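Below is one structure, written out as structure tokens, with a few remarks after it.
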Amino acid sequence: MLTSMIRVLHVLNGFHAGGVETQLLRILRGYDRSRFHMDACVIGDDPGPIAEEARKHGATILFCRKSPDLMGFCRRFSRLLHGKNYDIVHSHFEAWSGALLRGARMAGVPVRIAQLHGIRPWPAEESDPISVRAARAVVSVWGRYWLCCHATHLLAVSRAVMEKRRLICRRGGLVRLIWTGGVDTDRFSPTNPLSRREPRQPTILWVGALRPIKRIDLHLRVLKRVRRELPEVRLVLAGQGKQEPELRGLARQLGVADAVDFLGLRQDVPDLLRSGTVFLSCSEAEGLPTVLLEAQAAGVPVVARDIAPNREALCEAFHPFLFRGDAVDEAAIQVIRVLTDQRLRDTLSIMGRDFAVNNFCASAQIVILEGYYESWRNSGKEL
């Protein structure tokens with residue numbers, strides 16, 4: 001059995017605020033340094049505002065800017081890897097993974113992992129020009145083809161993602177596994193798991209990007225419906241995005257602007273979650289919604305859209321609080337039910353916290369990933 005240090009290179013777009021980046025920082029912070037060394041490669045235009053934290057954890061950050069010229073991108077990545085003796089390249093993409101893993105294979109890297117984080121691999125924006133859409137199409141088609149040819153392992157953050165993306169890699173022998181990444185359940189723990197302090201004013205909370213796919217417009221409509229019965233309720237939105245001006249306008253149009261707080265990007269998310277009465281998610285699509293795991297870890301009851309990834313992410317006790325599609329009234333009824341029943345909130349808080357700790361603890365997930373890495377490298381099998 002091989003016993004030398006296992007060298008791993010993670011590849012991502014950049015260290016910006018987001019689920020993938022936060023997950024990777026947790027890995028870099030907590031992996032076993034007696035058995036592994038881990039670096040990162042950024043393929044976006046800049047390393048991102050939290051890249052320095054990755055360096056503080058001992059990671060060297062490499063750069064290989066992505067390009068629709070996939071052949072050239074592949075060759076540049078291969079040259080970047082030569083002489084660095086990586087045992088594993090772990091790419092946190094779908095479409096771009098094809099060129100990256102082809103380059104890794106050319107450089108002699110034996111274990112080549114593509115991790116799928118989303119149901120929708122590369123959603124286009126309506127404002128994208130035709131040239132950008134065409135480039136996306138090329139990258140997507142060739143990227144997936146090369147992924148099928150050159151990946152040795154395929155990871156997905158949820159069963160829903162693996163099922164939805166099952167057709168991208170039909171090659172026999174490809175190892176397919178679910179690895180969630182988890183959340184820092186200690187950092188997001190309630191101040192007191194058995195008696196979480198409730199805010200003086202009932203609060204509906206959302207934390208995340210202000211993007212169309214997140215359907216923050218529905219949050220505003222649910223708020224309007226809830227305030228018919230509970231006029232003191234506020235909606236707190238923590239996050240940023242190009243949609244914010246449009247959402248502020250909709251809040252004014254609906255007559256709820258004075259009950260909505262747009263907080264922007266926040267660094268105190270655990271405290272913010274602990275301050276909420278109920279967490280509401282109207283998102284149309286997710287891979288594995290990390291923020292719902294964090295909310296449960298913080299002891300916050302959740303009302304969410306009924307989509308497959310949410311059912312995986314949420315304790316079964318929360319499933320009756322899932323609502324269908326754009327059913328504003330149905331969502332509002334569930335929110336009101338939670339807001340008006342202290343005993344129910346206490347029960348959901350404890351059950352959600354236990355579920356997050358038992359199933360999505362990040363430290364346990366890192367140990368699982370290290371076991372995969374070690375097993376795959378030591379098998380010496382080129383798939």
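Residue numbering restarts at 1 for every chain of the structure tokens, chains are lettered A, B, ... in their displayed order, and ligands are numbered from 1 as they appear.
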
Discussion item. For A:Val335, find every residue with an atom within 9 Å (counting only C-alpha atoms), except residues of its own chain fewer than 6 positions away, and show them as a ChimeraX atom specification.
Written reply: /A:204,222,226,278-280,302-303,321

Using N, CA and C atoms, can you export the residues from the last selection as a tab-separated table (two decimals), in the first residue's frame?
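Okay, this is what ended up in out_6.tsv:
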chain	number	residue	atom	x	y	z
A	204	ILE	N	-39.23	36.59	9.06
A	204	ILE	CA	-39.02	35.63	7.97
A	204	ILE	C	-37.65	35.95	7.38
A	222	VAL	N	-45.33	36.32	-0.37
A	222	VAL	CA	-45.68	35.57	0.83
A	222	VAL	C	-45.77	36.52	2.03
A	226	VAL	N	-48.87	36.98	4.55
A	226	VAL	CA	-48.72	36.70	5.98
A	226	VAL	C	-49.13	37.91	6.81
A	278	VAL	N	-38.37	32.07	11.28
A	278	VAL	CA	-38.58	31.02	10.30
A	278	VAL	C	-37.76	31.37	9.06
A	279	PHE	N	-37.19	30.34	8.44
A	279	PHE	CA	-36.43	30.53	7.21
A	279	PHE	C	-37.31	30.12	6.04
A	280	LEU	N	-37.39	30.99	5.03
A	280	LEU	CA	-38.23	30.72	3.86
A	280	LEU	C	-37.36	30.61	2.61
A	302	VAL	N	-37.85	25.69	8.95
A	302	VAL	CA	-37.75	26.01	7.53
A	302	VAL	C	-39.07	25.73	6.83
A	303	VAL	N	-39.50	26.68	6.00
A	303	VAL	CA	-40.58	26.48	5.04
A	303	VAL	C	-39.96	26.66	3.66
A	321	PHE	N	-44.07	21.08	5.64
A	321	PHE	CA	-44.00	22.52	5.45
A	321	PHE	C	-43.44	22.91	4.08

Worksheet item: Leaving out stretch 150-159 of chain A and any residue of its chain fewer than 3 positions from it, which residues lie within 6 Å of it when counting only C-alpha atoms, given as a ChimeraX atom specification?
Response: /A:101-102,112-117,146-147,162,174-180,288,383

Residue selection dump (N, CA and C atoms) as a compact mmCIF listing (two decimals), in the first residue's frame:
# COMPACT_ATOMS: atom_id res chain seq x y z
N LEU A 101 -10.01 17.82 -16.89
CA LEU A 101 -9.63 16.44 -16.62
C LEU A 101 -8.91 15.81 -17.81
N ARG A 102 -9.20 16.28 -19.01
CA ARG A 102 -8.41 15.85 -20.17
C ARG A 102 -6.97 16.32 -20.00
N ARG A 112 -9.01 11.53 -11.32
CA ARG A 112 -9.56 12.75 -11.90
C ARG A 112 -11.06 12.81 -11.58
N ILE A 113 -11.41 13.73 -10.71
CA ILE A 113 -12.76 13.79 -10.14
C ILE A 113 -13.51 15.01 -10.69
N ALA A 114 -14.72 14.78 -11.16
CA ALA A 114 -15.63 15.87 -11.48
C ALA A 114 -16.73 15.87 -10.44
N GLN A 115 -16.94 17.01 -9.78
CA GLN A 115 -18.01 17.10 -8.80
C GLN A 115 -19.12 17.98 -9.33
N LEU A 116 -20.35 17.47 -9.26
CA LEU A 116 -21.53 18.19 -9.73
C LEU A 116 -22.22 18.83 -8.55
N HIS A 117 -22.41 20.14 -8.61
CA HIS A 117 -22.99 20.88 -7.50
C HIS A 117 -24.41 21.35 -7.76
N TRP A 146 -15.90 15.31 -23.07
CA TRP A 146 -14.56 15.04 -22.52
C TRP A 146 -14.65 14.56 -21.07
N LEU A 147 -15.62 15.06 -20.33
CA LEU A 147 -15.80 14.58 -18.96
C LEU A 147 -16.06 13.07 -18.98
N MET A 162 -27.35 13.78 -8.94
CA MET A 162 -26.84 12.61 -9.64
C MET A 162 -27.89 12.05 -10.60
N LEU A 174 -17.15 4.04 -14.58
CA LEU A 174 -17.00 5.32 -13.90
C LEU A 174 -17.59 5.22 -12.49
N VAL A 175 -16.79 5.58 -11.50
CA VAL A 175 -17.24 5.52 -10.11
C VAL A 175 -18.14 6.72 -9.82
N ARG A 176 -19.36 6.46 -9.36
CA ARG A 176 -20.33 7.53 -9.05
C ARG A 176 -20.71 7.45 -7.57
N LEU A 177 -20.58 8.58 -6.87
CA LEU A 177 -20.88 8.60 -5.46
C LEU A 177 -21.51 9.93 -5.07
N ILE A 178 -22.27 9.93 -3.98
CA ILE A 178 -22.81 11.15 -3.41
C ILE A 178 -21.87 11.59 -2.29
N TRP A 179 -21.46 12.84 -2.35
CA TRP A 179 -20.68 13.44 -1.26
C TRP A 179 -21.20 14.86 -1.05
N THR A 180 -21.77 15.11 0.12
CA THR A 180 -22.50 16.35 0.32
C THR A 180 -21.63 17.53 0.74
N LEU A 288 -27.69 20.99 -3.58
CA LEU A 288 -28.00 20.67 -2.20
C LEU A 288 -27.97 22.01 -1.47
N LEU A 383 -9.04 4.43 -14.68
CA LEU A 383 -10.37 4.11 -15.24
C LEU A 383 -10.55 4.71 -16.61

Fill in: atom CA of A:Gly181 to atom CA of A:Val161, straight-line distance in Å
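Computed distance, atom CA of A:Val161 to atom CA of A:Gly181, equals 13.9 Å.
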
Practice prompt. Name the residues in contact with stretch 136-143 of chain A at a cut-off of 8 Å, using only C-alpha atoms, excluding same-chain residues fewer than 3 positions from it; report them as a list in words.
Written response: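 Once the adjacent positions are removed, what remains is Pro68, Leu70, Glu94, Ala95, Trp96, Ser97, Gly98, Ala99, Val132, Arg133, Trp146 and Leu147 of chain A.
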
Output the selection as a PDB file, in the first residue's frame - C-alpha atoms for each residue.
ATOM      1  CA  PRO A  68     -13.874  28.663 -25.030  1.00  0.00           C
ATOM      2  CA  LEU A  70     -11.062  24.198 -25.018  1.00  0.00           C
ATOM      3  CA  GLU A  94     -19.531  20.082 -14.935  1.00  0.00           C
ATOM      4  CA  ALA A  95     -18.898  21.594 -18.382  1.00  0.00           C
ATOM      5  CA  TRP A  96     -15.399  22.955 -17.653  1.00  0.00           C
ATOM      6  CA  SER A  97     -14.374  19.664 -16.027  1.00  0.00           C
ATOM      7  CA  GLY A  98     -14.027  17.998 -19.412  1.00  0.00           C
ATOM      8  CA  ALA A  99     -11.091  20.139 -20.556  1.00  0.00           C
ATOM      9  CA  VAL A 132     -21.790  34.302 -25.050  1.00  0.00           C
ATOM     10  CA  ARG A 133     -24.651  31.842 -25.471  1.00  0.00           C
ATOM     11  CA  TRP A 146     -14.563  15.038 -22.517  1.00  0.00           C
ATOM     12  CA  LEU A 147     -15.796  14.581 -18.965  1.00  0.00           C
TER      13      LEU A 147
END

I'd like the contact shell of A:Leu28 - 9 Å cut-off, only C-alpha atoms, skipping same-chain residues fewer than 6 positions apart - returned as a short mmCIF file (atom, residue, chain, number, x, y, z; two decimals) with C-alpha atoms, in the first residue's frame.
data_model
loop_
_atom_site.label_atom_id
_atom_site.label_comp_id
_atom_site.auth_asym_id
_atom_site.auth_seq_id
_atom_site.Cartn_x
_atom_site.Cartn_y
_atom_site.Cartn_z
CA MET A 38 -4.08 20.27 -0.94
CA ASP A 39 -3.76 23.22 -3.32
CA ALA A 54 -6.99 29.59 1.42
CA HIS A 57 -4.36 27.31 5.35
CA GLY A 58 -1.23 26.37 3.40
CA ALA A 59 -2.70 26.09 -0.10
#

Worksheet item: Can you tell me, as a list in words, what residues are no more than 7 Å from A:Arg353 when counting only C-alpha atoms, ignoring any on the same chain fewer than 2 positions away?
Response: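 My reading of the contact set: Gln296, Ala297, Ala298, Gly299, Ser349, Ile350, Met351, Phe355, Ala356 and Val357 of chain A.
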
Worksheet item: Between A:Gly103, A:Gly276, A:Pro320, A:Pro47, which one has atoms that come closest to A:Met71, using only C-alpha atoms?
Response: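 Among the listed residues, the smallest separation from A:Met71 belongs to A:Gly103.
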
Item to complete: Name the closest residue to A:Ile368 among the candidates A:Val20, A:Ser4, A:Ile27, A:Val89; distances are taken between atoms, counting only C-alpha atoms.
Response: A:Ile27

Practice prompt. Measuring atom to atom with only C-alpha atoms, identify which of A:Ile50, A:Val236, A:Leu273, A:Ile6 is nearest to A:Leu25.
Written response: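 Result for the nearest residue to A:Leu25: A:Ile50.
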
Worksheet item: Mind checking DSSP for stretch 172-246 of chain A and telling me the strand (DSSP E) residues as a ChimeraX atom specification?
Response: /A:175-178,203-207,234-238

Take the residues just selected and output them with C-alpha atoms as a PDB file, in the first residue's frame.
ATOM      1  CA  VAL A 175     -17.241   5.521 -10.108  1.00  0.00           C
ATOM      2  CA  ARG A 176     -20.329   7.526  -9.055  1.00  0.00           C
ATOM      3  CA  LEU A 177     -20.878   8.602  -5.457  1.00  0.00           C
ATOM      4  CA  ILE A 178     -22.814  11.152  -3.407  1.00  0.00           C
ATOM      5  CA  THR A 203     -38.966  37.501  11.279  1.00  0.00           C
ATOM      6  CA  ILE A 204     -39.018  35.634   7.972  1.00  0.00           C
ATOM      7  CA  LEU A 205     -35.420  35.158   6.869  1.00  0.00           C
ATOM      8  CA  TRP A 206     -33.609  34.518   3.596  1.00  0.00           C
ATOM      9  CA  VAL A 207     -29.833  34.293   3.123  1.00  0.00           C
ATOM     10  CA  ARG A 234     -40.767  41.470   8.845  1.00  0.00           C
ATOM     11  CA  LEU A 235     -38.814  39.915   5.976  1.00  0.00           C
ATOM     12  CA  VAL A 236     -35.015  40.035   6.239  1.00  0.00           C
ATOM     13  CA  LEU A 237     -33.029  39.429   3.028  1.00  0.00           C
ATOM     14  CA  ALA A 238     -29.282  38.926   3.445  1.00  0.00           C
TER      15      ALA A 238
END
